[in-house]
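A short write-up of the structure that comes next.
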Amino acid sequence: MKQSASSRPLVGVALVVCSCLSLPFGAAVAAQLFPVLGPWGVTSLRVAIAALLMVVIVRPRPVRWTRVQWLAAVLFGVSLAAMNGFFYAAIDRIPLGPAVAIEFLGPLVLAAVLTRRLADAAWVGVALLGMVLLGVDGLIGADPLDPLGVVFILIAAAFWAMYIRMSARVGAIIPGTSGLAVGLVVAAVLLIPVGVPAAVTVAGDMQLLLLAAVTAVLSSVIPYSFELAALRRLPQRVFGVLLSLEPAFATLAGWLILGQSATPLRMLAIALVVAASVGTTLGVRRQRRRADGAARDDTGADDEGRGDETGPFTAPIPLPE
């Protein structure tokens, strides 16, 4: 059954929220494997398992892809490998909540660069204030931030912005989730040098292998599939701000699974993040209604947020029927 135009942004919002829920809980499970496998070893196993699952489920057939499609998938894989590796290296040194908050500078800056409306910029500012408060909480709270961990998470932030751009590009030019499957394979191949020792370790321990599989599903298969689908329904700048929910869920996951506390300052930051997400969501609905009305009036106007975001790594994101 075809989705109505007005329902598409709501579906996109729901997909991003589910992704934000899945990712930090997967990271919290992964953190428990660091003492045995190390952060890069866990990254390699997680990506390899996710790649295997996606290939079996999707069964991509890239033999007929064009050079442009292959380039997009390879760059997508590079962003996946680097983003995940440096993120795990960071949360091995700093708490999960502040780490995700600092990493969010990547998509926040991307959203600010792509914005075309004053309201969008205002909500980005609100979300950024929440990120700043989370960072301050990490600096003055009981868990001081390790400088090398901060460097790692800033590198991850840059690759997160690249991931958003390349995810949109792959979603625009490669049908279905074949681009995601191939991107994960590329990432798995890039991580082989750091993954071999971890694979040898888990080969004889089914409990470690099960935890690695859970991490792969929660941190790769579910969120990346949902985000790829969401980017077909939402403008990239809106997608970037909606991801501001993730630090809130990361704080929750850190508290529930890793025993990391949530201070009043951190809770205030979470409230600002949620406010920015709600405001952006309502803005998407208003924009979509105006676009639908313009289409019915045969004005020839494009859906807002699609035609104004082309660039060297992007193309207009199609809204599937």
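Numbering starts fresh at 1 for the residues of each chain in the structure tokens, the chains themselves are lettered A, B, ... in the order given, and ligands are numbered from 1 as they appear.
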Sort by chain and increasing residue number a table of all residues of range 69-180 of chain A within 12 Å of range 186-199 of chain A, each with its closest pair of atoms and their distance in Å to one decimal, counting only C-alpha atoms, and write it as JSON lines.
```
{"residue": "A:Trp70", "atom": "CA", "partner": "A:Val186", "partner_atom": "CA", "distance": 10.6}
{"residue": "A:Leu71", "atom": "CA", "partner": "A:Val186", "partner_atom": "CA", "distance": 11.1}
{"residue": "A:Ala72", "atom": "CA", "partner": "A:Val186", "partner_atom": "CA", "distance": 11.2}
{"residue": "A:Ala73", "atom": "CA", "partner": "A:Val186", "partner_atom": "CA", "distance": 8.0}
{"residue": "A:Val74", "atom": "CA", "partner": "A:Val186", "partner_atom": "CA", "distance": 6.2}
{"residue": "A:Leu75", "atom": "CA", "partner": "A:Val186", "partner_atom": "CA", "distance": 8.8}
{"residue": "A:Phe76", "atom": "CA", "partner": "A:Ala187", "partner_atom": "CA", "distance": 8.3}
{"residue": "A:Gly77", "atom": "CA", "partner": "A:Ala187", "partner_atom": "CA", "distance": 4.6}
{"residue": "A:Val78", "atom": "CA", "partner": "A:Ala187", "partner_atom": "CA", "distance": 5.9}
{"residue": "A:Ser79", "atom": "CA", "partner": "A:Ala187", "partner_atom": "CA", "distance": 8.0}
{"residue": "A:Leu80", "atom": "CA", "partner": "A:Ala187", "partner_atom": "CA", "distance": 6.1}
{"residue": "A:Ala81", "atom": "CA", "partner": "A:Ala187", "partner_atom": "CA", "distance": 4.8}
{"residue": "A:Ala82", "atom": "CA", "partner": "A:Ala187", "partner_atom": "CA", "distance": 8.3}
{"residue": "A:Met83", "atom": "CA", "partner": "A:Ala187", "partner_atom": "CA", "distance": 10.2}
{"residue": "A:Asn84", "atom": "CA", "partner": "A:Ala187", "partner_atom": "CA", "distance": 9.7}
{"residue": "A:Gly85", "atom": "CA", "partner": "A:Leu191", "partner_atom": "CA", "distance": 8.7}
{"residue": "A:Phe86", "atom": "CA", "partner": "A:Leu191", "partner_atom": "CA", "distance": 11.9}
{"residue": "A:Gly179", "atom": "CA", "partner": "A:Val186", "partner_atom": "CA", "distance": 10.5}
{"residue": "A:Leu180", "atom": "CA", "partner": "A:Val186", "partner_atom": "CA", "distance": 9.8}
```
Practice task
Just the residues within 8 Å of Ser178 in chain A, please, counting only C-alpha atoms, with nothing from its chain fewer than 2 positions along; format it as a PyMOL selection string.
Solution key: chain A and resi 58-62+174-176+180-182
Practice task
Please provide the set of residues having any atom within 9 Å of Pro223 in chain A, restricted to only C-alpha atoms, with same-chain residues fewer than 6 positions apart removed, written as a PyMOL selection string.
Solution key: chain A and resi 15-16+18-23+217
Output N, CA, C and O atoms for every residue in the selection just made, as a PDB file, in the first residue's frame.
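Result saved to result_13.pdb:
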```pdb
ATOM      1  N   LEU A  15      11.546   6.297  12.206  1.00  0.00           N
ATOM      2  CA  LEU A  15      12.729   5.510  11.885  1.00  0.00           C
ATOM      3  C   LEU A  15      13.973   6.057  12.576  1.00  0.00           C
ATOM      4  O   LEU A  15      14.806   5.304  13.090  1.00  0.00           O
ATOM      5  N   VAL A  16      14.113   7.382  12.616  1.00  0.00           N
ATOM      6  CA  VAL A  16      15.274   7.985  13.273  1.00  0.00           C
ATOM      7  C   VAL A  16      15.236   7.717  14.779  1.00  0.00           C
ATOM      8  O   VAL A  16      16.263   7.418  15.401  1.00  0.00           O
ATOM      9  N   CYS A  18      13.855   5.173  16.344  1.00  0.00           N
ATOM     10  CA  CYS A  18      14.210   3.767  16.566  1.00  0.00           C
ATOM     11  C   CYS A  18      15.716   3.561  16.416  1.00  0.00           C
ATOM     12  O   CYS A  18      16.326   2.802  17.179  1.00  0.00           O
ATOM     13  N   SER A  19      16.314   4.249  15.456  1.00  0.00           N
ATOM     14  CA  SER A  19      17.756   4.165  15.290  1.00  0.00           C
ATOM     15  C   SER A  19      18.484   4.712  16.511  1.00  0.00           C
ATOM     16  O   SER A  19      19.453   4.125  16.996  1.00  0.00           O
ATOM     17  N   CYS A  20      18.004   5.844  17.020  1.00  0.00           N
ATOM     18  CA  CYS A  20      18.612   6.464  18.200  1.00  0.00           C
ATOM     19  C   CYS A  20      18.482   5.583  19.438  1.00  0.00           C
ATOM     20  O   CYS A  20      19.331   5.629  20.329  1.00  0.00           O
ATOM     21  N   LEU A  21      17.419   4.816  19.512  1.00  0.00           N
ATOM     22  CA  LEU A  21      17.254   3.879  20.624  1.00  0.00           C
ATOM     23  C   LEU A  21      18.206   2.696  20.497  1.00  0.00           C
ATOM     24  O   LEU A  21      18.794   2.241  21.490  1.00  0.00           O
ATOM     25  N   SER A  22      18.367   2.197  19.290  1.00  0.00           N
ATOM     26  CA  SER A  22      19.142   0.979  19.077  1.00  0.00           C
ATOM     27  C   SER A  22      20.649   1.211  19.229  1.00  0.00           C
ATOM     28  O   SER A  22      21.348   0.407  19.865  1.00  0.00           O
ATOM     29  N   LEU A  23      21.155   2.305  18.673  1.00  0.00           N
ATOM     30  CA  LEU A  23      22.595   2.526  18.641  1.00  0.00           C
ATOM     31  C   LEU A  23      23.259   2.578  20.019  1.00  0.00           C
ATOM     32  O   LEU A  23      24.235   1.855  20.259  1.00  0.00           O
ATOM     33  N   VAL A 217      23.732  -6.367  15.511  1.00  0.00           N
ATOM     34  CA  VAL A 217      22.328  -6.122  15.168  1.00  0.00           C
ATOM     35  C   VAL A 217      21.869  -4.771  15.697  1.00  0.00           C
ATOM     36  O   VAL A 217      21.249  -3.970  14.980  1.00  0.00           O
TER      37      VAL A 217
END
```
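The space separating CA of Glu246 in chain A from CA of Ser44 in chain A comes to 22.6 Å.
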